[in-house]
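Taking it in order: structure first as structure tokens, then the write-up.
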Amino acid sequence: NEMVQFHALQLLYQIKSNDRLGVSRLVTQYSQRNTLRSPLALVMLVRYTSKLLHDEHSDGRIVGSYQESTAPVVKAGYQFLEASLRHKSELVIFEAARALCNLPAAEPQDLSSAISVLQLFLSSPKPTVRFASIRVLAHVANSLPRVVSKCNEDLEALIADSSRNIATLAITTLLKTGSENSIERLLKQISAFLTEIADEYKITVVRSLQKLCLTYPAKHRVLVGFLSNFLREEGGFDFKRSIVTSIISLIRSVPESTESSLLHLCEFIEDCEF
């Protein structure tokens with residue numbers, strides 16, 4: 001019975017939770033035996049394996065790539081997570097991909113299989129699968145944008161997604177992974193999208209644009225001009241304040257943007273609703 005396996009594994013883990021060696025043996029034993037048939041039990045085993053690898057890293061037992069590690073526990077744990085990416089259950093596959101993407105100090109080669117799986121999930125007919133996948137990719141893009149950049153084509157397709165949460169995550173992720181040459185094209189796509197969404201999503205996009213300007217300061221005129229255009233569009237106080245705050249922050253961080261930024265702010269003062 002699948003539920004019996006699920007609860008039995010949880011009980012075993014709780015019993016051994018204060019015994020580090022016991023937990024390590026439990027994870028190694030069940031990840032290698034291939035006796036668990038319950039997807040829910042396998043999801044829990046993936047989580048326990050992930051926690052074990054996090055603990056190994058915290059104690060300084062992992063140096064360099066997880067793939068190339070010679071430590072038996074790390075090697076077995078990583079191989080189990082990679083093998084779980086080929087499971088028939090979508091639930092197990094996603095949990096394994098998320099666990100791999102959340103590994104501390106992981107190197108690009110450690111994540112390549114997980115990123116490929118998540119890229120396939122971006123075209124899933126299920127909104128929940130698309131949202132879960134893009135949220136993990138957005139998290140990875142914060143530290144390893146180049147790893148996620150191979151998904152850019154699929155992410156661009158999601159800008160028009162019926163779910164505003166998914167579309168917003170697609171845009172903010174693209175702003176992290178896009179190259180300097182693709183900024184103008186991205187801004188054209190975003191401008192149409194921004195007029196259709198609620199202020200809370202607009203604020204998220206504004207913050208991402210601010211980070212993009214810090215990454216590519218040479219594009220400050222284009223980005224500040226784009227932000228200032230939305231000062232004249234419809235929007236609430238919090239949205240307008242987020243734009244003004246971002247422009248002021250850019251003046252401090254990118255001195256070359258000072259003159260154009262001040263001109264835009266002066267124009268807004270003359271025709272300001274707030």
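Just so we're on the same page: first chain in the structure tokens is A, next is B, and so on; residues restart at 1 for each chain, and ligands are numbered from 1 in the order they show up.
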
Range 207-230 of chain A near range 168-187 of chain A within 7 Å: what's each residue's closest atom pair and its distance in Å to one decimal, counting only C-alpha atoms, ordered by chain then ascending residue number, as a Markdown table?
```
| residue | atom | partner | partner_atom | distance |
| --- | --- | --- | --- | --- |
| A:Ser208 | CA | A:Thr172 | CA | 5.8 |
| A:Leu209 | CA | A:Leu175 | CA | 6.9 |
| A:Leu212 | CA | A:Leu175 | CA | 6.4 |
| A:Tyr216 | CA | A:Glu180 | CA | 6.6 |
```

Can you pull out the residues contacting range 103-112 of chain A? Cut-off 8 Å, using only C-alpha atoms, and skip same-chain residues under 2 positions away; I want them as number ranges by chain.
A: 50, 53-54, 57, 64-67, 99-101, 114-116, 144, 147

Near range 27-45 of chain A, 7 Å: range 49-104 of chain A residue rows, closest pairs, only C-alpha atoms, as CSV:
```
residue,atom,partner,partner_atom,distance
A:Thr49,CA,A:Leu45,CA,6.1
A:Ala76,CA,A:Thr28,CA,6.7
A:Phe80,CA,A:Ser31,CA,6.0
A:Ser89,CA,A:Pro39,CA,6.6
A:Val92,CA,A:Val43,CA,5.4
A:Glu95,CA,A:Val43,CA,6.3
```

How many Å lie between CA of Arg221 in chain A and CA of Phe193 in chain A, rounded to one decimal?
21.0 Å

Identify which of the residues A:Val205, A:Lys211, A:Ile269, A:Thr195 lies closest to Glu234 in chain A, counting only C-alpha atoms when measuring atom-to-atom distances.
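Closest candidate: A:Thr195.
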
Hey, what does DSSP flag as helix (DSSP H, G or I) within range 9-252 of chain A? Can you give it to me as a VMD selection string?
chain A and resid 9 to 16 20 to 33 39 to 58 72 to 84 90 to 101 108 to 121 127 to 143 145 to 160 164 to 177 180 to 194 199 to 215 217 to 229 237 to 252
